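Shown next, in structure tokens, is the structure this report addresses.
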Amino acid sequence: MKCRVCRGPAVIDIRRHNANFCADHFLRLCRDQVAKAIDTYEMLRPGERALVAVSGGKDSLAVWDLLVDLGYHADGLYIGLGIGEYSDASGEFARAYAARRGLRLHEVDLRADYGFDVPTGAKAARRVPCSACGLSKRHLFDEAARCGGYDALVTGHNLDDEAAVLFGNVLKWHADYLGRQHPVLPERDGFPRKVKPLVRLTERETAAYCVLRGIDYLVDECPMAAGNRHLGYKEHLNALEARAPGAKHDFYFGFLARAADRFATDAARERTALAPCERCGAPTTGGVCAFCRLQERAGGAAPVELTRKAQP
Ligand code: Q46
Ligand code: ZN
Ligand code: ZN
């Protein structure tokens with residue numbers, strides 16, 4: 001197996017590019033793919049300040065590393081979700097990476113700062129954990145980007161994530177979600193610009209990137225992810241990709257190029273007027289925002305024991 005660029009020994013094959021790469025040229029490919037995504041979709045301009053949502057997993061650490069290497073000013077934000085050992089370990093990986101590269105990592109802890117954690121919040125609000133978690137993360141990341149004066153909030157969503165979300169939205173014909181599924185969501189009504197620079201890389205590639213760069217990341221999946229619909233969609237798409245390399249890329253980028261605009265009016269129709277939350281000032285559709293309501297119901301409740309039942 002030889003590198004397509006230098007003919008030296010290759011360390012990875014990428015079937016959708018029909019090519020193999022040595023370590024140096026694979027790392028260059030990753031940088032080029034991220035630079036191309038940033039450029040094509042006008043995610044960031046030179047000199048802008050980015051805030052990276054850091055979980056301690058491979059994707060968020062890879063995107064942080066790649067942005068810094070490409071010369072962007074990128075700080076991180078880690079949110080302690082209180083999901084048992086998983087959260088303890090994820091925080092350690094995030095801190096260790098930031099310390100090693102001398103980067104700034106902001107931290108928010110749901111329990112210490114807001115009086116509840118994801119398992120408690122989910123139980124108190126009778127929501128599934130990922131719903132309480134997702135709503136808390138969106139709120140806290142948006143708030144940190146807004147209050148910290150950042151130009152954009154960066155997430156580590158990769159091609160597998162985006163293709164799986166698209167698959168789910170197409171299966172249900174969620175026209176308004178399809179109208180919003182884009183690698184960049186512009187700043188609007190008090191929400192920061194949101195960008196996904198990893199959309200041209202798969203999760204296998206972000207994992208390989210971390211290994212080759214010596215970045216330690218949390219390999220374990222969140223114990224609450226079991227039963228998550230998107231994991232099932234990813235399995236189906238992986239089966240397709242194994243038969244037809246490039247299928248995921250064509251599905252997602254074909255949608256962006258040829259279909260996404262057709263759903264723009266559906267997304268605009270669903271867009272309701274927003275006003276500041278009466279408690280925290282975050283933009284919301286009316287009165288008190290969903291995060292403040294969750295905090296009101298769950299704040300101060302005793303921690304919920306994590307059981308093995310939640311695990312796959
Ligand atoms: S951390 Fe949170 Fe994920 Fe765990 S509870 Fe679900 S949403 S699975 S990215
Ligand atoms: Zn090479
Ligand atoms: Zn609020």
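Residue numbering restarts at 1 in every chain; chains get A, B, ... in the order shown in the structure tokens, and ligands count up from 1 in that same order.
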Cut-off 7 Å, only C-alpha atoms and all ligand atoms, neighbours of ligand 2 as a PyMOL selection string: chain A and resi 3-8+10+21-25
Ligand 3: which residues are within 7 Å, counting only C-alpha atoms and all ligand atoms, as a PDB file with all heavy atoms, in the first residue's frame?
ATOM      1  N   CYS A 277     -35.473  35.784  26.895  1.00  0.00           N
ATOM      2  CA  CYS A 277     -36.044  35.037  28.036  1.00  0.00           C
ATOM      3  C   CYS A 277     -36.151  35.970  29.237  1.00  0.00           C
ATOM      4  O   CYS A 277     -35.241  36.751  29.505  1.00  0.00           O
ATOM      5  CB  CYS A 277     -35.119  33.848  28.350  1.00  0.00           C
ATOM      6  SG  CYS A 277     -35.424  33.077  29.952  1.00  0.00           S
ATOM      7  N   GLU A 278     -37.262  35.863  29.948  1.00  0.00           N
ATOM      8  CA  GLU A 278     -37.478  36.756  31.095  1.00  0.00           C
ATOM      9  C   GLU A 278     -36.457  36.528  32.207  1.00  0.00           C
ATOM     10  O   GLU A 278     -36.206  37.405  33.021  1.00  0.00           O
ATOM     11  CB  GLU A 278     -38.886  36.519  31.670  1.00  0.00           C
ATOM     12  CG  GLU A 278     -39.977  37.022  30.747  1.00  0.00           C
ATOM     13  CD  GLU A 278     -41.345  36.449  31.114  1.00  0.00           C
ATOM     14  OE1 GLU A 278     -41.482  35.865  32.218  1.00  0.00           O
ATOM     15  OE2 GLU A 278     -42.262  36.584  30.280  1.00  0.00           O
ATOM     16  N   ARG A 279     -35.887  35.313  32.258  1.00  0.00           N
ATOM     17  CA  ARG A 279     -34.919  35.029  33.334  1.00  0.00           C
ATOM     18  C   ARG A 279     -33.479  35.295  32.916  1.00  0.00           C
ATOM     19  O   ARG A 279     -32.732  35.930  33.620  1.00  0.00           O
ATOM     20  CB  ARG A 279     -35.005  33.564  33.751  1.00  0.00           C
ATOM     21  CG  ARG A 279     -36.377  33.117  34.128  1.00  0.00           C
ATOM     22  CD  ARG A 279     -36.503  32.895  35.632  1.00  0.00           C
ATOM     23  NE  ARG A 279     -37.912  32.786  35.944  1.00  0.00           N
ATOM     24  CZ  ARG A 279     -38.584  31.647  35.950  1.00  0.00           C
ATOM     25  NH1 ARG A 279     -37.954  30.517  35.710  1.00  0.00           N
ATOM     26  NH2 ARG A 279     -39.860  31.620  36.219  1.00  0.00           N
ATOM     27  N   CYS A 280     -33.103  34.714  31.741  1.00  0.00           N
ATOM     28  CA  CYS A 280     -31.676  34.719  31.404  1.00  0.00           C
ATOM     29  C   CYS A 280     -31.336  35.588  30.209  1.00  0.00           C
ATOM     30  O   CYS A 280     -30.153  35.803  29.921  1.00  0.00           O
ATOM     31  CB  CYS A 280     -31.183  33.286  31.165  1.00  0.00           C
ATOM     32  SG  CYS A 280     -31.810  32.589  29.619  1.00  0.00           S
ATOM     33  N   GLY A 281     -32.316  36.062  29.488  1.00  0.00           N
ATOM     34  CA  GLY A 281     -32.037  36.953  28.352  1.00  0.00           C
ATOM     35  C   GLY A 281     -31.762  36.219  27.044  1.00  0.00           C
ATOM     36  O   GLY A 281     -31.593  36.853  26.010  1.00  0.00           O
ATOM     37  N   ALA A 282     -31.732  34.885  27.080  1.00  0.00           N
ATOM     38  CA  ALA A 282     -31.476  34.144  25.825  1.00  0.00           C
ATOM     39  C   ALA A 282     -32.678  34.286  24.898  1.00  0.00           C
ATOM     40  O   ALA A 282     -33.815  34.391  25.363  1.00  0.00           O
ATOM     41  CB  ALA A 282     -31.254  32.667  26.143  1.00  0.00           C
ATOM     42  N   VAL A 288     -40.384  32.364  29.359  1.00  0.00           N
ATOM     43  CA  VAL A 288     -39.177  31.788  29.949  1.00  0.00           C
ATOM     44  C   VAL A 288     -38.642  30.714  28.995  1.00  0.00           C
ATOM     45  O   VAL A 288     -39.414  29.891  28.494  1.00  0.00           O
ATOM     46  CB  VAL A 288     -39.519  31.176  31.335  1.00  0.00           C
ATOM     47  CG1 VAL A 288     -38.310  30.506  31.956  1.00  0.00           C
ATOM     48  CG2 VAL A 288     -40.061  32.270  32.255  1.00  0.00           C
ATOM     49  N   CYS A 289     -37.328  30.677  28.779  1.00  0.00           N
ATOM     50  CA  CYS A 289     -36.771  29.730  27.797  1.00  0.00           C
ATOM     51  C   CYS A 289     -36.792  28.293  28.341  1.00  0.00           C
ATOM     52  O   CYS A 289     -36.951  28.063  29.542  1.00  0.00           O
ATOM     53  CB  CYS A 289     -35.347  30.134  27.404  1.00  0.00           C
ATOM     54  SG  CYS A 289     -34.088  29.733  28.619  1.00  0.00           S
ATOM     55  N   ALA A 290     -36.616  27.339  27.438  1.00  0.00           N
ATOM     56  CA  ALA A 290     -36.707  25.922  27.811  1.00  0.00           C
ATOM     57  C   ALA A 290     -35.636  25.543  28.827  1.00  0.00           C
ATOM     58  O   ALA A 290     -35.869  24.719  29.716  1.00  0.00           O
ATOM     59  CB  ALA A 290     -36.584  25.056  26.561  1.00  0.00           C
ATOM     60  N   PHE A 291     -34.450  26.131  28.727  1.00  0.00           N
ATOM     61  CA  PHE A 291     -33.390  25.798  29.679  1.00  0.00           C
ATOM     62  C   PHE A 291     -33.759  26.299  31.077  1.00  0.00           C
ATOM     63  O   PHE A 291     -33.598  25.572  32.061  1.00  0.00           O
ATOM     64  CB  PHE A 291     -32.048  26.398  29.236  1.00  0.00           C
ATOM     65  CG  PHE A 291     -30.935  26.097  30.203  1.00  0.00           C
ATOM     66  CD1 PHE A 291     -30.331  24.847  30.202  1.00  0.00           C
ATOM     67  CD2 PHE A 291     -30.515  27.032  31.138  1.00  0.00           C
ATOM     68  CE1 PHE A 291     -29.315  24.542  31.105  1.00  0.00           C
ATOM     69  CE2 PHE A 291     -29.503  26.741  32.044  1.00  0.00           C
ATOM     70  CZ  PHE A 291     -28.904  25.492  32.019  1.00  0.00           C
ATOM     71  N   CYS A 292     -34.247  27.508  31.197  1.00  0.00           N
ATOM     72  CA  CYS A 292     -34.631  28.029  32.513  1.00  0.00           C
ATOM     73  C   CYS A 292     -35.777  27.200  33.105  1.00  0.00           C
ATOM     74  O   CYS A 292     -35.825  26.959  34.318  1.00  0.00           O
ATOM     75  CB  CYS A 292     -35.013  29.501  32.427  1.00  0.00           C
ATOM     76  SG  CYS A 292     -33.592  30.588  32.198  1.00  0.00           S
TER      77      CYS A 292
END
Interatomic distance, atom CA of A:Phe191 to atom CA of A:Asp151 (Å, one decimal):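 Taking atom CA of A:Phe191 and atom CA of A:Asp151, their separation equals 10.6 Å.
The residues sitting within 8 Å of ligand 1, with only C-alpha atoms and all ligand atoms considered, come out as Leu81, Ile83, Val118, Pro129, Cys130, Ser131, Ala132, Cys133, Gly134, Glu221, Cys222, Pro223, Met224, Ala225, Ala226 and Asn228 of chain A.
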Using N, CA and C atoms, can you write the selected residues to a file as a short mmCIF file (atom, residue, chain, number, x, y, z; two decimals), in the first residue's frame?
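Saved result, part.cif, follows:
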data_model
loop_
_atom_site.label_atom_id
_atom_site.label_comp_id
_atom_site.auth_asym_id
_atom_site.auth_seq_id
_atom_site.Cartn_x
_atom_site.Cartn_y
_atom_site.Cartn_z
N LEU A 81 -21.50 17.54 32.12
CA LEU A 81 -22.92 17.16 32.03
C LEU A 81 -23.37 16.31 33.22
N ILE A 83 -22.68 13.09 33.72
CA ILE A 83 -23.07 11.72 33.34
C ILE A 83 -21.99 10.76 33.87
N VAL A 118 -27.46 16.03 33.76
CA VAL A 118 -28.31 15.48 32.70
C VAL A 118 -29.25 14.37 33.21
N PRO A 129 -32.85 11.42 28.18
CA PRO A 129 -31.60 12.13 28.54
C PRO A 129 -31.04 12.98 27.41
N CYS A 130 -31.04 12.45 26.17
CA CYS A 130 -30.43 13.22 25.07
C CYS A 130 -31.21 14.51 24.79
N SER A 131 -32.48 14.53 25.11
CA SER A 131 -33.27 15.74 24.88
C SER A 131 -32.88 16.80 25.91
N ALA A 132 -32.83 16.42 27.20
CA ALA A 132 -32.43 17.38 28.24
C ALA A 132 -30.98 17.82 28.02
N CYS A 133 -30.15 16.87 27.59
CA CYS A 133 -28.73 17.16 27.37
C CYS A 133 -28.56 18.11 26.19
N GLY A 134 -29.21 17.79 25.08
CA GLY A 134 -29.06 18.60 23.87
C GLY A 134 -29.53 20.03 24.11
N GLU A 221 -18.28 5.65 24.24
CA GLU A 221 -19.49 6.39 23.87
C GLU A 221 -20.21 6.79 25.16
N CYS A 222 -20.99 7.83 25.09
CA CYS A 222 -21.81 8.21 26.24
C CYS A 222 -22.75 7.05 26.57
N PRO A 223 -22.85 6.66 27.87
CA PRO A 223 -23.71 5.53 28.22
C PRO A 223 -25.19 5.79 27.93
N MET A 224 -25.54 7.05 27.72
CA MET A 224 -26.94 7.36 27.46
C MET A 224 -27.28 7.33 25.97
N ALA A 225 -26.28 7.05 25.14
CA ALA A 225 -26.51 7.07 23.68
C ALA A 225 -27.23 5.83 23.20
N ALA A 226 -27.31 4.79 24.04
CA ALA A 226 -27.94 3.53 23.60
C ALA A 226 -29.35 3.80 23.09
N ASN A 228 -30.13 5.51 20.58
CA ASN A 228 -30.17 6.75 19.81
C ASN A 228 -30.42 6.41 18.32
#
Stretch 207-210 of chain A environment, 8 Å, only C-alpha atoms, sequence neighbours closer than 6 positions dropped, as a tab-separated table (two decimals) with C-alpha atoms, in the first residue's frame:
chain	number	residue	atom	x	y	z
A	26	PHE	CA	-3.06	12.13	5.37
A	27	LEU	CA	-2.67	14.96	7.91
A	30	CYS	CA	-7.37	16.57	6.68
A	58	LYS	CA	-12.10	12.65	18.79
A	59	ASP	CA	-14.16	15.03	16.68
A	61	LEU	CA	-10.41	17.72	19.73
A	62	ALA	CA	-9.59	17.17	16.05
A	216	ASP	CA	-5.57	11.38	23.47
A	217	TYR	CA	-9.34	11.35	23.35
